[in-house]
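The structure file upload.csv is reproduced below (CSV, C-alpha atoms).
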chain,number,residue,atom,x,y,z
A,1,MET,CA,-11.6,-38.7,29.3
A,2,THR,CA,-12.9,-35.5,30.8
A,3,GLN,CA,-16.3,-33.9,30.1
A,4,GLN,CA,-14.4,-31.3,28.1
A,5,ASP,CA,-13.0,-34.0,25.8
A,6,HIS,CA,-16.6,-35.0,24.8
A,7,SER,CA,-17.8,-31.5,24.1
A,8,VAL,CA,-18.8,-30.2,20.8
A,9,SER,CA,-16.5,-27.3,19.8
A,10,ILE,CA,-16.8,-24.0,18.0
A,11,VAL,CA,-13.9,-23.9,15.5
A,12,ALA,CA,-14.6,-20.9,13.4
A,13,SER,CA,-16.8,-17.8,13.2
A,14,GLY,CA,-18.1,-15.1,10.9
A,15,HIS,CA,-19.9,-11.8,11.8
A,16,THR,CA,-21.2,-8.9,9.7
A,17,ARG,CA,-21.4,-5.4,11.1
A,18,PHE,CA,-24.6,-4.7,12.9
A,19,GLY,CA,-26.7,-1.7,12.1
A,20,ARG,CA,-29.0,0.0,9.6
A,21,LEU,CA,-27.6,-1.8,6.5
A,22,ASN,CA,-29.8,-0.3,3.8
A,23,ASP,CA,-27.8,-1.8,0.9
A,24,ALA,CA,-27.9,-5.4,2.2
A,25,THR,CA,-30.7,-7.9,1.8
A,26,LEU,CA,-31.3,-10.8,4.2
A,27,GLU,CA,-29.6,-13.0,1.7
A,28,ASP,CA,-26.6,-10.7,1.5
A,29,LEU,CA,-26.2,-10.9,5.3
A,30,ILE,CA,-26.5,-14.6,5.4
A,31,VAL,CA,-24.0,-15.1,2.6
A,32,GLU,CA,-21.5,-12.7,4.1
A,33,ALA,CA,-21.4,-14.3,7.6
A,34,SER,CA,-21.4,-17.8,6.2
A,35,ARG,CA,-18.5,-17.1,3.8
A,36,GLU,CA,-16.5,-15.6,6.6
A,37,ALA,CA,-17.1,-18.6,8.9
A,38,LEU,CA,-16.1,-21.0,6.1
A,39,ASP,CA,-13.0,-19.0,5.3
A,40,ASP,CA,-12.1,-18.9,9.0
A,41,ALA,CA,-12.5,-22.7,9.3
A,42,ARG,CA,-10.4,-23.3,6.2
A,43,VAL,CA,-12.6,-26.2,5.2
A,44,ASP,CA,-14.2,-27.1,1.9
A,45,ALA,CA,-17.8,-26.2,2.0
A,46,SER,CA,-18.7,-29.7,0.9
A,47,ASP,CA,-17.4,-31.0,4.2
A,48,ILE,CA,-20.3,-29.3,6.1
A,49,ASP,CA,-22.8,-32.0,7.0
A,50,GLN,CA,-25.7,-29.9,8.2
A,51,ILE,CA,-26.8,-26.3,8.2
A,52,PHE,CA,-29.1,-24.5,10.8
A,53,LEU,CA,-30.3,-21.0,10.4
A,54,GLY,CA,-31.7,-18.9,13.2
A,55,HIS,CA,-34.3,-16.4,11.9
A,56,PHE,CA,-37.4,-15.0,13.5
A,57,ASN,CA,-38.9,-12.9,10.7
A,58,SER,CA,-42.6,-12.5,11.9
A,59,GLY,CA,-43.4,-10.7,8.7
A,60,MET,CA,-40.4,-8.3,8.7
A,61,VAL,CA,-39.1,-9.6,5.4
A,62,PRO,CA,-41.0,-11.5,2.6
A,63,ASP,CA,-38.5,-14.4,2.8
A,64,GLY,CA,-40.6,-17.1,4.5
A,65,PHE,CA,-38.3,-20.0,3.5
A,66,PRO,CA,-34.7,-18.8,4.0
A,67,ALA,CA,-32.8,-21.8,5.2
A,68,SER,CA,-31.5,-22.7,1.7
A,69,LEU,CA,-30.2,-19.1,1.2
A,70,VAL,CA,-27.2,-20.2,3.1
A,71,LEU,CA,-26.3,-22.4,0.1
A,72,GLN,CA,-25.7,-19.2,-1.9
A,73,ALA,CA,-22.5,-18.7,0.1
A,74,ASP,CA,-20.6,-21.5,-1.7
A,75,PRO,CA,-21.3,-24.0,-4.5
A,76,GLY,CA,-20.0,-26.7,-2.2
A,77,LEU,CA,-23.0,-26.3,0.1
A,78,ARG,CA,-25.5,-27.4,-2.5
A,79,PHE,CA,-27.6,-30.4,-1.4
A,80,THR,CA,-26.5,-30.0,2.2
A,81,PRO,CA,-29.5,-30.4,4.6
A,82,ALA,CA,-30.5,-26.9,5.9
A,83,SER,CA,-33.2,-26.1,8.4
A,84,ARG,CA,-34.6,-22.9,9.9
A,85,CYS,CA,-34.9,-22.6,13.7
A,86,GLU,CA,-37.3,-20.1,15.3
A,87,ASN,CA,-37.8,-19.4,19.0
A,88,ALA,CA,-38.5,-15.6,19.1
A,89,CYS,CA,-35.4,-13.6,20.2
A,90,ALA,CA,-33.6,-16.9,21.1
A,91,SER,CA,-33.8,-18.1,17.5
A,92,GLY,CA,-30.0,-17.9,17.2
A,93,ALA,CA,-29.4,-20.0,20.2
A,94,ALA,CA,-32.0,-22.5,19.0
A,95,ALA,CA,-30.0,-22.9,15.8
A,96,VAL,CA,-26.8,-23.3,17.8
A,97,PHE,CA,-28.3,-26.0,20.0
A,98,ALA,CA,-29.8,-27.8,17.0
A,99,GLY,CA,-26.3,-28.0,15.6
A,100,ILE,CA,-24.9,-29.3,18.8
A,101,ASN,CA,-27.6,-31.9,19.0
A,102,ALA,CA,-27.0,-33.0,15.4
A,103,ILE,CA,-23.3,-33.7,16.3
A,104,ARG,CA,-24.1,-35.3,19.6
A,105,SER,CA,-26.6,-37.7,17.8
A,106,GLY,CA,-23.9,-38.8,15.4
A,107,ALA,CA,-25.7,-37.3,12.4
A,108,ALA,CA,-23.0,-34.8,11.7
A,109,ASP,CA,-19.3,-34.0,12.3
A,110,LEU,CA,-19.2,-30.4,11.0
A,111,VAL,CA,-22.2,-28.1,11.2
A,112,LEU,CA,-22.6,-24.5,9.9
A,113,VAL,CA,-24.9,-22.4,12.1
A,114,VAL,CA,-26.0,-19.0,10.9
A,115,GLY,CA,-28.3,-16.4,12.5
A,116,ALA,CA,-29.7,-13.4,10.6
A,117,GLU,CA,-32.3,-10.8,10.6
A,118,LYS,CA,-33.2,-7.8,8.4
A,119,MET,CA,-35.3,-5.4,10.4
A,120,THR,CA,-34.6,-1.8,9.6
A,121,ALA,CA,-36.5,-1.7,6.3
A,122,ASN,CA,-39.7,-1.6,8.4
A,123,SER,CA,-41.0,1.2,10.5
A,124,THR,CA,-40.5,1.2,14.2
A,125,ALA,CA,-44.2,0.6,14.7
A,126,ASP,CA,-44.1,-2.4,12.3
A,127,VAL,CA,-41.1,-4.0,14.0
A,128,THR,CA,-42.8,-3.5,17.4
A,129,ARG,CA,-45.9,-5.3,16.1
A,130,ALA,CA,-43.9,-8.1,14.6
A,131,LEU,CA,-42.0,-8.7,17.8
A,132,ALA,CA,-45.2,-8.5,19.8
A,133,GLY,CA,-46.2,-11.7,18.0
A,134,ALA,CA,-43.8,-13.5,20.4
A,135,GLY,CA,-46.2,-12.7,23.3
A,136,TYR,CA,-49.3,-14.6,24.4
A,137,GLN,CA,-52.1,-14.0,22.0
A,138,ASN,CA,-55.0,-15.8,23.7
A,139,ASP,CA,-55.5,-13.2,26.5
A,140,PRO,CA,-56.5,-9.7,25.4
A,141,ARG,CA,-54.7,-8.2,28.3
A,142,GLU,CA,-51.4,-9.6,27.0
A,143,ALA,CA,-52.0,-9.8,23.2
A,144,GLY,CA,-52.1,-6.0,23.0
A,145,LEU,CA,-48.8,-5.5,24.8
A,146,SER,CA,-45.6,-4.5,23.0
A,147,PHE,CA,-42.3,-5.8,24.4
A,148,PRO,CA,-41.3,-2.4,25.7
A,149,GLN,CA,-44.6,-2.4,27.6
A,150,VAL,CA,-44.0,-6.0,28.9
A,151,PHE,CA,-40.6,-5.0,30.3
A,152,GLY,CA,-42.1,-1.7,31.5
A,153,ILE,CA,-44.5,-3.8,33.6
A,154,ALA,CA,-41.4,-5.7,34.9
A,155,ALA,CA,-39.7,-2.5,35.9
A,156,ARG,CA,-42.8,-1.2,37.7
A,157,ALA,CA,-43.2,-4.5,39.5
A,158,TYR,CA,-39.6,-4.4,40.5
A,159,GLN,CA,-40.0,-0.9,41.9
A,160,GLU,CA,-43.1,-1.9,43.9
A,161,ARG,CA,-41.5,-5.1,45.3
A,162,TYR,CA,-37.8,-4.1,45.8
A,163,GLY,CA,-37.3,-0.4,45.2
A,164,ASP,CA,-36.6,1.8,42.3
A,165,PRO,CA,-34.4,0.1,39.6
A,166,LEU,CA,-34.1,3.1,37.3
A,167,ALA,CA,-30.6,4.3,38.4
A,168,ALA,CA,-29.3,0.7,38.1
A,169,MET,CA,-30.9,0.5,34.6
A,170,ALA,CA,-29.2,3.7,33.6
A,171,ARG,CA,-25.8,2.4,34.8
A,172,ILE,CA,-26.3,-0.7,32.6
A,173,ALA,CA,-27.1,1.4,29.6
A,174,GLU,CA,-24.0,3.6,30.3
A,175,LYS,CA,-21.8,0.5,30.7
A,176,ASN,CA,-22.9,-1.3,27.5
A,177,HIS,CA,-22.6,1.8,25.4
A,178,GLY,CA,-19.1,2.3,26.7
A,179,ASN,CA,-18.2,-1.3,25.8
A,180,ALA,CA,-19.7,-0.9,22.3
A,181,MET,CA,-17.4,2.0,21.6
A,182,GLU,CA,-14.5,-0.5,21.2
A,183,ASN,CA,-16.5,-3.0,19.1
A,184,PRO,CA,-16.2,-2.1,15.4
A,185,LEU,CA,-19.1,-4.4,14.6
A,186,ALA,CA,-21.5,-2.7,16.9
A,187,GLN,CA,-24.4,-0.6,15.7
A,188,MET,CA,-24.1,2.3,18.2
A,189,HIS,CA,-20.8,4.0,18.7
A,190,ARG,CA,-22.0,6.8,20.9
A,191,PRO,CA,-21.0,7.0,24.6
A,192,LEU,CA,-23.9,7.8,27.0
A,193,SER,CA,-23.4,9.3,30.4
A,194,PHE,CA,-25.3,8.1,33.5
A,195,ASP,CA,-27.1,11.4,33.7
A,196,GLU,CA,-28.2,11.2,30.0
A,197,CYS,CA,-29.5,7.6,30.6
A,198,ASN,CA,-31.2,8.5,33.9
A,199,THR,CA,-33.0,11.6,32.7
A,200,VAL,CA,-36.2,11.7,30.6
A,201,SER,CA,-35.6,14.4,28.0
A,202,GLU,CA,-36.4,15.2,24.4
A,203,GLN,CA,-33.4,13.0,23.4
A,204,ASN,CA,-34.3,10.3,25.9
A,205,PRO,CA,-38.1,10.1,25.9
A,206,LEU,CA,-40.3,7.6,27.8
A,207,ILE,CA,-41.0,4.6,25.5
A,208,ALA,CA,-43.2,2.6,27.9
A,209,ASP,CA,-43.3,4.0,31.4
A,210,PRO,CA,-40.8,3.8,33.2
A,211,LEU,CA,-38.6,2.6,30.3
A,212,ARG,CA,-36.7,5.4,28.6
A,213,LEU,CA,-35.3,5.2,25.1
A,214,THR,CA,-31.9,4.4,26.5
A,215,ASP,CA,-33.4,1.3,28.3
A,216,CYS,CA,-34.3,-0.3,25.0
A,217,SER,CA,-32.3,-2.4,22.6
A,218,LEU,CA,-31.9,-1.4,19.0
A,219,ILE,CA,-33.7,-2.4,15.8
A,220,THR,CA,-30.9,-3.9,13.7
A,221,ASP,CA,-29.8,-5.7,10.6
A,222,GLY,CA,-27.0,-8.3,10.8
A,223,ALA,CA,-25.8,-11.8,10.7
A,224,ALA,CA,-23.4,-14.1,12.5
A,225,ALA,CA,-22.1,-17.7,11.9
A,226,ILE,CA,-20.1,-20.4,13.6
A,227,VAL,CA,-18.8,-23.8,12.6
A,228,LEU,CA,-19.3,-26.6,15.1
A,229,ALA,CA,-17.2,-29.7,15.2
A,230,SER,CA,-17.4,-33.1,16.8
A,231,PRO,CA,-14.6,-33.9,19.3
A,232,GLU,CA,-12.8,-36.1,16.7
A,233,ARG,CA,-13.1,-33.5,13.9
A,234,ALA,CA,-12.2,-30.6,16.2
A,235,ARG,CA,-8.7,-31.9,16.5
A,236,ASP,CA,-8.1,-30.8,12.9
A,237,PHE,CA,-8.5,-27.1,13.8
A,238,PRO,CA,-6.0,-24.8,15.4
A,239,ARG,CA,-8.6,-22.9,17.5
A,240,GLN,CA,-11.2,-24.8,19.5
A,241,VAL,CA,-13.7,-23.6,22.1
A,242,ALA,CA,-15.6,-26.4,23.8
A,243,ILE,CA,-19.2,-25.9,24.6
A,244,ARG,CA,-19.1,-27.4,28.1
A,245,SER,CA,-22.9,-27.1,28.6
A,246,ALA,CA,-25.9,-26.2,26.6
A,247,VAL,CA,-29.2,-26.0,28.5
A,248,GLN,CA,-32.6,-25.0,27.3
A,249,VAL,CA,-35.5,-24.3,29.7
A,250,ASN,CA,-38.9,-23.1,28.5
A,251,ASP,CA,-41.5,-21.5,30.7
A,252,LEU,CA,-45.2,-20.9,30.3
A,253,LEU,CA,-46.0,-18.3,27.7
A,254,PRO,CA,-48.8,-16.4,29.5
A,255,MET,CA,-47.2,-13.9,31.9
A,256,ASN,CA,-50.2,-14.1,34.2
A,257,SER,CA,-49.4,-17.8,34.9
A,258,ARG,CA,-46.1,-17.0,36.6
A,259,ASP,CA,-44.2,-14.6,38.7
A,260,PHE,CA,-42.3,-12.7,36.0
A,261,LEU,CA,-39.8,-11.1,38.4
A,262,ALA,CA,-38.8,-14.5,39.7
A,263,PHE,CA,-37.2,-15.2,36.2
A,264,GLU,CA,-37.5,-18.9,37.0
A,265,GLY,CA,-36.8,-20.0,33.4
A,266,PRO,CA,-33.5,-18.1,33.2
A,267,ARG,CA,-32.6,-19.0,36.7
A,268,ARG,CA,-33.0,-22.7,36.0
A,269,ALA,CA,-31.2,-22.6,32.7
A,270,LEU,CA,-28.2,-20.8,34.2
A,271,SER,CA,-28.0,-23.1,37.3
A,272,GLN,CA,-28.2,-26.2,35.2
A,273,ALA,CA,-25.6,-24.8,32.8
A,274,TYR,CA,-23.2,-24.3,35.6
A,275,GLN,CA,-23.9,-27.8,36.9
A,276,GLN,CA,-23.6,-29.5,33.5
A,277,ALA,CA,-20.3,-27.7,32.9
A,278,GLY,CA,-18.9,-28.4,36.3
A,279,VAL,CA,-18.3,-24.8,37.1
A,280,THR,CA,-19.3,-22.1,39.6
A,281,LEU,CA,-19.9,-18.4,39.0
A,282,GLU,CA,-16.4,-17.8,40.3
A,283,ASP,CA,-15.0,-19.9,37.4
A,284,LEU,CA,-16.4,-17.6,34.7
A,285,HIS,CA,-14.3,-14.8,33.2
A,286,PHE,CA,-17.1,-13.0,31.2
A,287,ALA,CA,-20.7,-13.2,30.2
A,288,GLU,CA,-22.8,-12.2,27.2
A,289,VAL,CA,-26.4,-11.9,28.2
A,290,HIS,CA,-29.7,-10.9,26.7
A,291,ASP,CA,-30.2,-7.2,27.6
A,292,CYS,CA,-33.2,-6.6,25.4
A,293,PHE,CA,-34.1,-4.0,27.9
A,294,THR,CA,-31.9,-2.8,30.8
A,295,ILE,CA,-34.3,-4.2,33.4
A,296,ALA,CA,-33.7,-7.6,31.8
A,297,GLU,CA,-30.0,-7.4,32.4
A,298,LEU,CA,-30.6,-6.4,36.0
A,299,LEU,CA,-32.9,-9.5,36.5
A,300,ILE,CA,-30.3,-11.7,34.7
A,301,TYR,CA,-27.7,-10.6,37.3
A,302,GLU,CA,-30.0,-12.0,40.0
A,303,ALA,CA,-30.7,-15.2,38.0
A,304,MET,CA,-27.0,-15.7,37.4
A,305,GLY,CA,-26.4,-15.6,41.2
A,306,LEU,CA,-24.5,-12.3,41.2
A,307,ALA,CA,-26.9,-10.9,43.8
A,308,PRO,CA,-30.0,-12.0,45.7
A,309,ALA,CA,-33.4,-11.2,44.3
A,310,GLY,CA,-34.1,-7.4,44.4
A,311,GLN,CA,-30.4,-6.6,44.9
A,312,GLY,CA,-29.1,-6.8,41.3
A,313,ALA,CA,-27.8,-3.2,41.6
A,314,ARG,CA,-25.0,-4.6,43.9
A,315,ALA,CA,-23.3,-6.1,40.8
A,316,LEU,CA,-23.0,-2.6,39.5
A,317,GLU,CA,-22.2,-0.8,42.8
A,318,GLU,CA,-19.4,-3.3,43.5
A,319,GLY,CA,-18.0,-3.0,39.9
A,320,THR,CA,-18.4,-6.8,39.2
A,321,VAL,CA,-19.9,-6.5,35.8
A,322,PHE,CA,-17.8,-3.7,34.3
A,323,ALA,CA,-15.0,-4.3,31.8
A,324,ASP,CA,-12.4,-4.3,34.6
A,325,GLY,CA,-14.6,-6.2,37.1
A,326,ARG,CA,-14.5,-9.7,38.3
A,327,LEU,CA,-17.1,-10.9,35.8
A,328,PRO,CA,-17.6,-8.4,32.9
A,329,VAL,CA,-21.1,-8.6,31.3
A,330,ASN,CA,-21.6,-7.7,27.7
A,331,LEU,CA,-18.1,-6.6,26.7
A,332,SER,CA,-19.5,-6.5,23.1
A,333,GLY,CA,-22.0,-3.7,24.0
A,334,GLY,CA,-24.8,-6.2,24.3
A,335,LEU,CA,-28.1,-6.0,22.6
A,336,LYS,CA,-28.4,-2.5,24.0
A,337,ALA,CA,-25.6,-1.0,21.9
A,338,LYS,CA,-24.2,-3.8,19.7
A,339,GLY,CA,-27.7,-4.2,18.3
A,340,HIS,CA,-30.4,-6.9,18.3
A,341,PRO,CA,-31.0,-8.5,14.9
A,342,VAL,CA,-33.3,-11.0,16.5
A,343,GLY,CA,-32.3,-14.3,14.7
A,344,ALA,CA,-28.7,-13.4,14.8
A,345,THR,CA,-28.3,-12.5,18.4
A,346,GLY,CA,-27.7,-15.9,19.9
A,347,VAL,CA,-25.2,-16.9,17.2
A,348,SER,CA,-23.5,-13.5,17.6
A,349,MET,CA,-23.0,-14.2,21.3
A,350,HIS,CA,-21.3,-17.5,20.5
A,351,ALA,CA,-19.2,-16.1,17.7
A,352,LEU,CA,-17.9,-13.2,19.7
A,353,ALA,CA,-17.3,-15.4,22.8
A,354,PHE,CA,-15.3,-17.8,20.5
A,355,ARG,CA,-13.1,-14.9,19.4
A,356,GLN,CA,-12.8,-13.7,23.0
A,357,LEU,CA,-11.6,-17.1,24.2
A,358,THR,CA,-9.1,-17.6,21.3
A,359,GLY,CA,-7.3,-14.3,21.7
A,360,GLN,CA,-9.1,-12.6,18.9
A,361,ALA,CA,-11.5,-10.4,20.8
A,362,VAL,CA,-13.6,-8.0,18.8
A,363,GLY,CA,-13.4,-4.8,20.9
A,364,ARG,CA,-12.8,-5.1,24.6
A,365,ALA,CA,-10.8,-8.1,25.6
A,366,ARG,CA,-10.8,-9.9,29.0
A,367,ALA,CA,-7.2,-10.7,29.5
A,368,GLY,CA,-6.6,-14.4,30.1
A,369,ALA,CA,-10.2,-15.4,29.6
A,370,GLU,CA,-10.7,-19.2,29.7
A,371,THR,CA,-14.4,-19.6,30.4
A,372,GLY,CA,-17.4,-17.6,29.3
A,373,LEU,CA,-21.2,-17.7,29.9
A,374,ILE,CA,-23.9,-17.0,27.2
A,375,PHE,CA,-27.5,-16.4,28.0
A,376,ASN,CA,-30.0,-15.8,25.1
A,377,MET,CA,-33.7,-15.4,25.9
A,378,GLY,CA,-36.8,-15.6,23.7
A,379,GLY,CA,-39.9,-13.6,24.8
A,380,ALA,CA,-40.6,-12.6,28.3
A,381,ALA,CA,-38.2,-15.2,29.9
A,382,VAL,CA,-40.0,-18.0,28.0
A,383,ALA,CA,-37.3,-19.7,25.9
A,384,ASN,CA,-34.1,-19.6,27.8
A,385,TYR,CA,-30.8,-20.9,26.5
A,386,ALA,CA,-27.6,-20.9,28.6
A,387,SER,CA,-24.2,-22.3,27.6
A,388,VAL,CA,-20.8,-22.3,29.1
A,389,LEU,CA,-17.8,-22.1,26.7
A,390,GLN,CA,-14.2,-23.0,27.5
A,391,ALA,CA,-11.0,-22.5,25.5
A,392,LYS,CA,-9.2,-25.7,24.6
A,393,ARG,CA,-5.5,-25.1,24.8
A,394,ALA,CA,-2.9,-27.3,23.1
What would you get if you wrote out this structure as structure tokens?
Amino acid sequence: MTQQDHSVSIVASGHTRFGRLNDATLEDLIVEASREALDDARVDASDIDQIFLGHFNSGMVPDGFPASLVLQADPGLRFTPASRCENACASGAAAVFAGINAIRSGAADLVLVVGAEKMTANSTADVTRALAGAGYQNDPREAGLSFPQVFGIAARAYQERYGDPLAAMARIAEKNHGNAMENPLAQMHRPLSFDECNTVSEQNPLIADPLRLTDCSLITDGAAAIVLASPERARDFPRQVAIRSAVQVNDLLPMNSRDFLAFEGPRRALSQAYQQAGVTLEDLHFAEVHDCFTIAELLIYEAMGLAPAGQGARALEEGTVFADGRLPVNLSGGLKAKGHPVGATGVSMHALAFRQLTGQAVGRARAGAETGLIFNMGGAAVANYASVLQAKRA
């Protein structure tokens, strides 16, 4: 049997709209995405063996024990083991990987994975403080940094080492907003021109020098869900996307202990994911990556192998990462325009990739896509999750 035959598969998905969802609670979002995934799978909820919920929280909602909120989606889920997974902005991928490991261990055949976050009921300052808790707290030089400031430091360091990245960052923002225009689930449906993104203005102020507003991802509410199946159980489903590889690499939390621009954690996770899946960069048809800030997407291009260190702009100049390019990146609009409900992000990436690979793309489709890459990152390149997905055809 091939490696693909042994792979855990995604067999169904659910996904709420992302945005400022004032009328929805965290529970509402979890229930909506879970129900859609169960309906899509056409299974009785009592067939689900385990549940994993990706949720960061960090004080953004009072729900400190939300795993069993998934049980509200269907009476058949009652008494099913449910656990919350948290790994900063990679909490969603952490939940997906926990589900994969439960199946690989033989403890489950069907797993429901949900990711959710309710953020917009808080002020921007409060959300910024909550997210900053994912940084290193035992060094006063780092404990006081917000994540815009962290990635502002990265952009300045990039400028000093390699040259000004701001134009490339503006191209990334323009690209991702353009992609989101065709995604009905995305938070931001507003096209932005290169000049708008590349100019500091009243509408596009500096957030953390040199990051402009258009370089920063959105504060978002939303949820996503997938159903995972063992190889044996997956045969019962009409649509299957095999998870050919699932690699987690964690790096040191203190930024002053490593070369941030080297992006060693992401680079290792991506390289190992290719190797585990038996693919090369040329075999991939699209990628959904963690563009929490535009400088992060630029660094991810280099970590992926699209360009050497310091030359990530080439992926934009050569058209590689655009919707009609060789390897489109963030056809969904990415965190930049689709939105970034922290715990939901990694699950959303897998859910939308599943739909892309089964001919049900939400928004822009990559014609004939067979293989996709997902990269979800927690903190400043600390918790790094890379997976390669492949459609399984009858």
Show me, as an mmCIF file with C-alpha atoms, keeping the file's coordinate frame, the residues that have an atom within 10 Å of range 179-195 of chain A when counting only C-alpha atoms, minus same-chain residues fewer than 2 positions from it.
data_model
loop_
_atom_site.group_PDB
_atom_site.id
_atom_site.type_symbol
_atom_site.label_atom_id
_atom_site.label_comp_id
_atom_site.auth_asym_id
_atom_site.auth_seq_id
_atom_site.Cartn_x
_atom_site.Cartn_y
_atom_site.Cartn_z
ATOM 1 C CA HIS A 15 -19.900 -11.800 11.800
ATOM 2 C CA THR A 16 -21.200 -8.900 9.700
ATOM 3 C CA ARG A 17 -21.400 -5.400 11.100
ATOM 4 C CA PHE A 18 -24.600 -4.700 12.900
ATOM 5 C CA GLY A 19 -26.700 -1.700 12.100
ATOM 6 C CA ARG A 20 -29.000 0.000 9.600
ATOM 7 C CA LEU A 21 -27.600 -1.800 6.500
ATOM 8 C CA ALA A 167 -30.600 4.300 38.400
ATOM 9 C CA ALA A 168 -29.300 0.700 38.100
ATOM 10 C CA MET A 169 -30.900 0.500 34.600
ATOM 11 C CA ALA A 170 -29.200 3.700 33.600
ATOM 12 C CA ARG A 171 -25.800 2.400 34.800
ATOM 13 C CA ILE A 172 -26.300 -0.700 32.600
ATOM 14 C CA ALA A 173 -27.100 1.400 29.600
ATOM 15 C CA GLU A 174 -24.000 3.600 30.300
ATOM 16 C CA LYS A 175 -21.800 0.500 30.700
ATOM 17 C CA ASN A 176 -22.900 -1.300 27.500
ATOM 18 C CA HIS A 177 -22.600 1.800 25.400
ATOM 19 C CA CYS A 197 -29.500 7.600 30.600
ATOM 20 C CA ASN A 198 -31.200 8.500 33.900
ATOM 21 C CA THR A 199 -33.000 11.600 32.700
ATOM 22 C CA VAL A 200 -36.200 11.700 30.600
ATOM 23 C CA THR A 214 -31.900 4.400 26.500
ATOM 24 C CA LEU A 218 -31.900 -1.400 19.000
ATOM 25 C CA ILE A 219 -33.700 -2.400 15.800
ATOM 26 C CA THR A 220 -30.900 -3.900 13.700
ATOM 27 C CA ASP A 221 -29.800 -5.700 10.600
ATOM 28 C CA GLY A 222 -27.000 -8.300 10.800
ATOM 29 C CA PHE A 322 -17.800 -3.700 34.300
ATOM 30 C CA ALA A 323 -15.000 -4.300 31.800
ATOM 31 C CA VAL A 329 -21.100 -8.600 31.300
ATOM 32 C CA ASN A 330 -21.600 -7.700 27.700
ATOM 33 C CA LEU A 331 -18.100 -6.600 26.700
ATOM 34 C CA SER A 332 -19.500 -6.500 23.100
ATOM 35 C CA GLY A 333 -22.000 -3.700 24.000
ATOM 36 C CA GLY A 334 -24.800 -6.200 24.300
ATOM 37 C CA LEU A 335 -28.100 -6.000 22.600
ATOM 38 C CA LYS A 336 -28.400 -2.500 24.000
ATOM 39 C CA ALA A 337 -25.600 -1.000 21.900
ATOM 40 C CA LYS A 338 -24.200 -3.800 19.700
ATOM 41 C CA GLY A 339 -27.700 -4.200 18.300
ATOM 42 C CA HIS A 340 -30.400 -6.900 18.300
ATOM 43 C CA ALA A 361 -11.500 -10.400 20.800
ATOM 44 C CA VAL A 362 -13.600 -8.000 18.800
ATOM 45 C CA GLY A 363 -13.400 -4.800 20.900
ATOM 46 C CA ARG A 364 -12.800 -5.100 24.600
ATOM 47 C CA ALA A 365 -10.800 -8.100 25.600
#
Show which residues sit within 7 Å of range 51-68 of chain A, as a PyMOL selection string. Count all atoms listed in the file, and ignore same-chain residues fewer than 2 positions away.
chain A and resi 70-71+81-86+88+91-92+94-95+99+111-119+122+127+130+342-344
From the options A:Gly312, A:Gly265, A:Gly178, A:Gly319, which residue's atoms come nearest to Phe375 in chain A, counting all atoms listed in the file?
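Looking only at the distances to Phe375 in chain A, the closest residue turns out to be A:Gly265.
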Could you check how far CA of Gly135 in chain A sits from CA of Met349 in chain A, in Å to one decimal?
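Separation of CA of Gly135 in chain A and CA of Met349 in chain A: 23.3 Å.
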Which residue gives the smallest distance to Val382 in chain A among A:Asn250, A:Asn204, A:Gln240, A:Ser105, with all atoms listed in the file counted?
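Closest residue, counting all atoms listed in the file: A:Asn250.
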If you count all atoms listed in the file, which residues fall within 12 Å of Ala380 in chain A, apart from same-chain ones fewer than 4 positions away, as a ChimeraX atom specification?
/A:87-90,131-136,142,145-154,250-256,258-266,290-293,295-296,299,376,384
Contacts of Ser13 in chain A at 12 Å or less, counting all atoms listed in the file, minus same-chain residues fewer than 3 places along, as a PyMOL selection string?
chain A and resi 9-10+16+32-42+111-115+223-228+239-241+347-356+358+360-362
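As for CA of Thr80 in chain A and CA of Phe237 in chain A, they are spaced 21.6 Å apart.
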What would the list of residues within 12 Å of (-33.3, -9.6, 43.1) (file frame) look like as a PyMOL selection string, if only C-alpha atoms are what count?
chain A and resi 155+157-159+161-165+260-264+267+295-315
Selected residue of minimal separation from Arg156 in chain A among A:Gly359, A:Gly378, A:Pro210, A:Pro231, counting only C-alpha atoms:
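Closest candidate: A:Pro210.
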If you measure from CA of Ala98 in chain A to CA of Ile48 in chain A, what distance in Å do you get, rounded to one decimal?
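Separation between CA of Ala98 in chain A and CA of Ile48 in chain A: 14.5 Å.
You can rank A:Thr280, A:Gln72, A:Ser123, A:Gln50 by their closest distance to Leu29 in chain A using all atoms listed in the file, and at the top of that list sits A:Gln72.
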